[in-house]
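Chemist: Pasting start_6.csv here (CSV, N, CA and C atoms):
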chain,number,residue,atom,x,y,z
A,15,MET,N,14.0,10.8,-1.0
A,15,MET,CA,14.4,9.7,-1.8
A,15,MET,C,14.2,10.2,-3.3
A,16,SER,N,15.2,10.0,-4.1
A,16,SER,CA,15.1,10.4,-5.5
A,16,SER,C,14.3,9.4,-6.3
A,17,SER,N,13.8,9.8,-7.4
A,17,SER,CA,13.0,8.9,-8.2
A,17,SER,C,13.8,7.7,-8.8
A,18,GLU,N,15.1,7.8,-8.8
A,18,GLU,CA,15.9,6.7,-9.3
A,18,GLU,C,16.4,5.8,-8.2
A,19,THR,N,16.1,6.0,-7.0
A,19,THR,CA,16.5,5.2,-5.9
A,19,THR,C,15.4,4.2,-5.5
A,20,SER,N,15.8,3.0,-5.3
A,20,SER,CA,14.9,2.0,-4.8
A,20,SER,C,15.5,1.2,-3.7
A,21,GLY,N,14.7,0.4,-3.0
A,21,GLY,CA,15.2,-0.4,-1.9
A,21,GLY,C,14.2,-1.5,-1.6
A,22,LEU,N,14.6,-2.3,-0.7
A,22,LEU,CA,13.8,-3.4,-0.2
A,22,LEU,C,13.7,-3.4,1.3
A,23,LEU,N,12.4,-3.4,1.8
A,23,LEU,CA,12.2,-3.4,3.2
A,23,LEU,C,12.1,-4.9,3.7
A,24,LYS,N,12.9,-5.2,4.6
A,24,LYS,CA,12.9,-6.6,5.2
A,24,LYS,C,11.7,-6.7,6.1
A,25,ARG,N,11.2,-7.9,6.2
A,25,ARG,CA,10.0,-8.2,7.0
A,25,ARG,C,10.1,-7.7,8.4
A,26,GLU,N,11.2,-7.9,9.1
A,26,GLU,CA,11.4,-7.4,10.5
A,26,GLU,C,11.4,-5.9,10.6
A,27,LYS,N,11.5,-5.2,9.5
A,27,LYS,CA,11.6,-3.7,9.6
A,27,LYS,C,10.2,-3.1,9.4
A,28,VAL,N,9.2,-3.9,9.1
A,28,VAL,CA,7.9,-3.3,8.8
A,28,VAL,C,6.9,-3.6,10.0
A,29,LYS,N,6.2,-2.5,10.4
A,29,LYS,CA,5.2,-2.6,11.5
A,29,LYS,C,3.8,-2.7,10.9
A,30,ILE,N,3.1,-3.8,11.1
A,30,ILE,CA,1.8,-4.0,10.6
A,30,ILE,C,0.8,-3.5,11.6
A,31,THR,N,-0.1,-2.6,11.3
A,31,THR,CA,-1.1,-2.1,12.2
A,31,THR,C,-2.5,-2.6,11.9
A,32,GLY,N,-2.7,-3.4,10.9
A,32,GLY,CA,-4.0,-3.9,10.6
A,32,GLY,C,-3.9,-4.9,9.4
A,33,ARG,N,-5.0,-5.7,9.2
A,33,ARG,CA,-5.0,-6.6,8.1
A,33,ARG,C,-6.4,-6.5,7.4
A,34,GLN,N,-6.4,-6.8,6.1
A,34,GLN,CA,-7.7,-6.9,5.4
A,34,GLN,C,-7.6,-8.0,4.4
A,35,GLN,N,-8.5,-8.9,4.4
A,35,GLN,CA,-8.6,-10.0,3.4
A,35,GLN,C,-9.0,-9.5,2.1
A,36,LEU,N,-8.1,-9.8,1.1
A,36,LEU,CA,-8.5,-9.5,-0.3
A,36,LEU,C,-8.8,-10.8,-1.0
A,37,GLY,N,-10.0,-11.0,-1.4
A,37,GLY,CA,-10.5,-12.3,-1.9
A,37,GLY,C,-11.2,-12.2,-3.2
A,38,ASP,N,-11.8,-13.3,-3.6
A,38,ASP,CA,-12.6,-13.3,-4.8
A,38,ASP,C,-13.8,-12.5,-4.7
A,39,VAL,N,-14.4,-12.2,-5.9
A,39,VAL,CA,-15.6,-11.5,-6.0
A,39,VAL,C,-16.8,-12.3,-5.5
A,40,ALA,N,-17.7,-11.7,-4.8
A,40,ALA,CA,-18.9,-12.4,-4.3
A,40,ALA,C,-19.7,-13.1,-5.4
A,41,PRO,N,-20.3,-14.2,-5.2
A,41,PRO,CA,-21.1,-14.9,-6.2
A,41,PRO,C,-22.2,-13.9,-6.8
A,42,GLY,N,-22.3,-13.9,-8.1
A,42,GLY,CA,-23.3,-13.1,-8.7
A,42,GLY,C,-22.9,-11.6,-9.0
A,43,VAL,N,-21.7,-11.2,-8.5
A,43,VAL,CA,-21.2,-9.9,-8.7
A,43,VAL,C,-20.2,-9.8,-9.9
A,44,THR,N,-20.5,-8.9,-10.8
A,44,THR,CA,-19.5,-8.8,-11.9
A,44,THR,C,-18.6,-7.6,-11.6
A,45,PRO,N,-17.3,-7.9,-11.5
A,45,PRO,CA,-16.3,-6.9,-11.2
A,45,PRO,C,-16.3,-5.8,-12.3
A,46,SER,N,-16.2,-4.5,-11.8
A,46,SER,CA,-16.2,-3.4,-12.8
A,46,SER,C,-14.8,-3.1,-13.2
A,47,VAL,N,-13.8,-3.4,-12.3
A,47,VAL,CA,-12.4,-3.2,-12.6
A,47,VAL,C,-11.6,-4.3,-12.0
A,48,ARG,N,-10.4,-4.4,-12.5
A,48,ARG,CA,-9.4,-5.4,-11.9
A,48,ARG,C,-8.8,-4.9,-10.6
A,49,PRO,N,-8.9,-5.6,-9.5
A,49,PRO,CA,-8.2,-5.1,-8.3
A,49,PRO,C,-6.7,-4.9,-8.5
A,50,ARG,N,-6.2,-3.8,-7.9
A,50,ARG,CA,-4.8,-3.5,-8.1
A,50,ARG,C,-4.4,-2.6,-7.0
A,51,ALA,N,-3.0,-2.4,-6.8
A,51,ALA,CA,-2.4,-1.5,-5.8
A,51,ALA,C,-1.2,-1.0,-6.5
A,52,GLY,N,-0.9,0.3,-6.1
A,52,GLY,CA,0.3,0.9,-6.6
A,52,GLY,C,0.7,2.1,-5.8
A,53,ILE,N,2.0,2.5,-5.9
A,53,ILE,CA,2.5,3.7,-5.1
A,53,ILE,C,2.1,4.9,-5.9
A,54,VAL,N,1.4,5.8,-5.2
A,54,VAL,CA,1.0,7.1,-5.7
A,54,VAL,C,2.0,8.2,-5.5
A,55,GLU,N,2.6,8.2,-4.3
A,55,GLU,CA,3.6,9.2,-3.9
A,55,GLU,C,4.6,8.6,-3.0
A,56,GLN,N,5.8,9.0,-3.1
A,56,GLN,CA,6.9,8.5,-2.2
A,56,GLN,C,8.0,9.5,-2.0
A,57,ASN,N,8.4,9.8,-0.8
A,57,ASN,CA,9.5,10.7,-0.5
A,57,ASN,C,10.3,10.2,0.7
A,58,ASP,N,11.2,11.0,1.2
A,58,ASP,CA,12.0,10.5,2.4
A,58,ASP,C,11.1,10.3,3.7
A,59,GLN,N,10.0,11.0,3.8
A,59,GLN,CA,9.2,10.9,5.0
A,59,GLN,C,8.0,9.9,4.9
A,60,ASN,N,7.5,9.7,3.8
A,60,ASN,CA,6.3,8.8,3.7
A,60,ASN,C,6.0,8.3,2.3
A,61,MET,N,5.0,7.4,2.2
A,61,MET,CA,4.6,6.8,1.0
A,61,MET,C,3.1,6.7,1.0
A,62,ILE,N,2.4,6.9,-0.1
A,62,ILE,CA,1.0,6.8,-0.3
A,62,ILE,C,0.8,5.7,-1.3
A,63,ILE,N,0.0,4.6,-0.9
A,63,ILE,CA,-0.3,3.5,-1.7
A,63,ILE,C,-1.8,3.5,-2.0
A,64,GLU,N,-2.2,3.4,-3.3
A,64,GLU,CA,-3.6,3.4,-3.7
A,64,GLU,C,-4.0,1.9,-4.0
A,65,VAL,N,-5.1,1.5,-3.3
A,65,VAL,CA,-5.6,0.1,-3.5
A,65,VAL,C,-7.0,0.3,-4.2
A,66,VAL,N,-7.2,-0.3,-5.3
A,66,VAL,CA,-8.5,-0.2,-6.0
A,66,VAL,C,-9.2,-1.6,-5.9
A,67,CYS,N,-10.4,-1.6,-5.4
A,67,CYS,CA,-11.2,-2.8,-5.2
A,67,CYS,C,-11.8,-3.2,-6.6
A,68,HIS,N,-12.3,-4.5,-6.7
A,68,HIS,CA,-12.9,-4.9,-7.9
A,68,HIS,C,-14.2,-4.1,-8.2
A,69,CYS,N,-14.8,-3.5,-7.2
A,69,CYS,CA,-16.0,-2.7,-7.4
A,69,CYS,C,-15.7,-1.2,-7.8
A,70,GLY,N,-14.4,-0.9,-7.8
A,70,GLY,CA,-14.0,0.4,-8.2
A,70,GLY,C,-13.6,1.4,-7.1
A,71,GLU,N,-14.0,1.0,-5.8
A,71,GLU,CA,-13.7,1.8,-4.7
A,71,GLU,C,-12.2,1.9,-4.5
A,72,LYS,N,-11.7,3.1,-4.2
A,72,LYS,CA,-10.3,3.4,-3.9
A,72,LYS,C,-10.0,3.6,-2.5
A,73,ILE,N,-8.9,3.0,-2.0
A,73,ILE,CA,-8.5,3.2,-0.6
A,73,ILE,C,-7.0,3.7,-0.7
A,74,TYR,N,-6.7,4.7,0.1
A,74,TYR,CA,-5.3,5.2,0.1
A,74,TYR,C,-4.7,4.9,1.5
A,75,LEU,N,-3.5,4.2,1.4
A,75,LEU,CA,-2.7,3.9,2.6
A,75,LEU,C,-1.6,4.9,2.7
A,76,HIS,N,-1.5,5.6,3.9
A,76,HIS,CA,-0.5,6.6,4.1
A,76,HIS,C,0.5,6.0,5.1
A,77,CYS,N,1.7,5.6,4.6
A,77,CYS,CA,2.8,5.0,5.4
A,77,CYS,C,3.8,6.1,5.7
A,78,THR,N,4.2,6.2,7.0
A,78,THR,CA,5.2,7.2,7.4
A,78,THR,C,6.4,6.4,7.9
A,79,TYR,N,7.6,6.8,7.4
A,79,TYR,CA,8.8,6.2,7.8
A,79,TYR,C,9.2,6.7,9.2
A,80,ALA,N,9.7,5.8,10.0
A,80,ALA,CA,10.3,6.1,11.3
A,80,ALA,C,11.5,7.0,11.1
A,81,GLU,N,11.8,8.0,11.9
A,81,GLU,CA,12.9,8.9,11.6
A,81,GLU,C,14.2,8.3,11.7
A,82,SER,N,14.5,7.5,12.7
A,82,SER,CA,15.9,7.1,12.9
A,82,SER,C,16.3,5.8,12.1
A,83,THR,N,15.4,5.0,11.8
A,83,THR,CA,15.7,3.7,11.2
A,83,THR,C,15.3,3.5,9.7
A,84,GLY,N,14.4,4.3,9.2
A,84,GLY,CA,13.9,4.1,7.9
A,84,GLY,C,12.8,3.1,7.8
A,85,GLN,N,12.3,2.6,9.0
A,85,GLN,CA,11.2,1.7,9.0
A,85,GLN,C,9.9,2.4,8.8
A,86,LEU,N,8.9,1.7,8.2
A,86,LEU,CA,7.6,2.2,8.1
A,86,LEU,C,7.0,2.3,9.5
A,87,ALA,N,6.4,3.4,9.8
A,87,ALA,CA,5.7,3.5,11.1
A,87,ALA,C,4.2,3.2,11.1
A,88,GLY,N,3.6,3.3,10.0
A,88,GLY,CA,2.2,2.9,9.9
A,88,GLY,C,1.2,4.1,9.8
Could you quickly redo this structure as structure tokens?
Modeler:
Amino acid sequence: MSSETSGLLKREKVKITGRQQLGDVAPGVTPSVRPRAGIVEQNDQNMIIEVVCHCGEKIYLHCTYAESTGQLAG
């Protein structure tokens, strides 16, 4: 996928393999950074998404596209 190409994934085309609650900061904890998420890398085969917690911890989600349909495989 070129850097100038974009698209929209329909809900029925995405396979969810897990869930995580993103909520408020625990009482008495001062957040060190603002929680955020963004695409780090994207190409025809996969996408890497970086999620940054309010505590500063980073989590990387590696999403792989299904070969025949363009759906995310998880």
Chemist: Name all residues at most 12 Å from A:Tyr74 (count only C-alpha atoms; drop same-chain ones fewer than 2 positions away) and give them as a ChimeraX atom specification.
Modeler: /A:50-55,61-67,71-72,76-77
Chemist: What's the separation between atom C of A:Leu75 and atom C of A:Lys27, in Å to one decimal place?
Modeler: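 Atom C of A:Lys27 lies at a distance of 15.8 Å from atom C of A:Leu75.
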Chemist: Any idea what the distance is between atom CA of A:Glu26 and atom CA of A:Pro49?
Modeler: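 Computing the Euclidean distance for atom CA of A:Glu26 and atom CA of A:Pro49 yields 27.3 Å.
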Chemist: Which value, in Å to one decimal, gives the distance between atom CA of A:Asn60 and atom CA of A:Tyr79?
Modeler: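 If I compute the distance from atom CA of A:Asn60 to atom CA of A:Tyr79, I get 5.5 Å.
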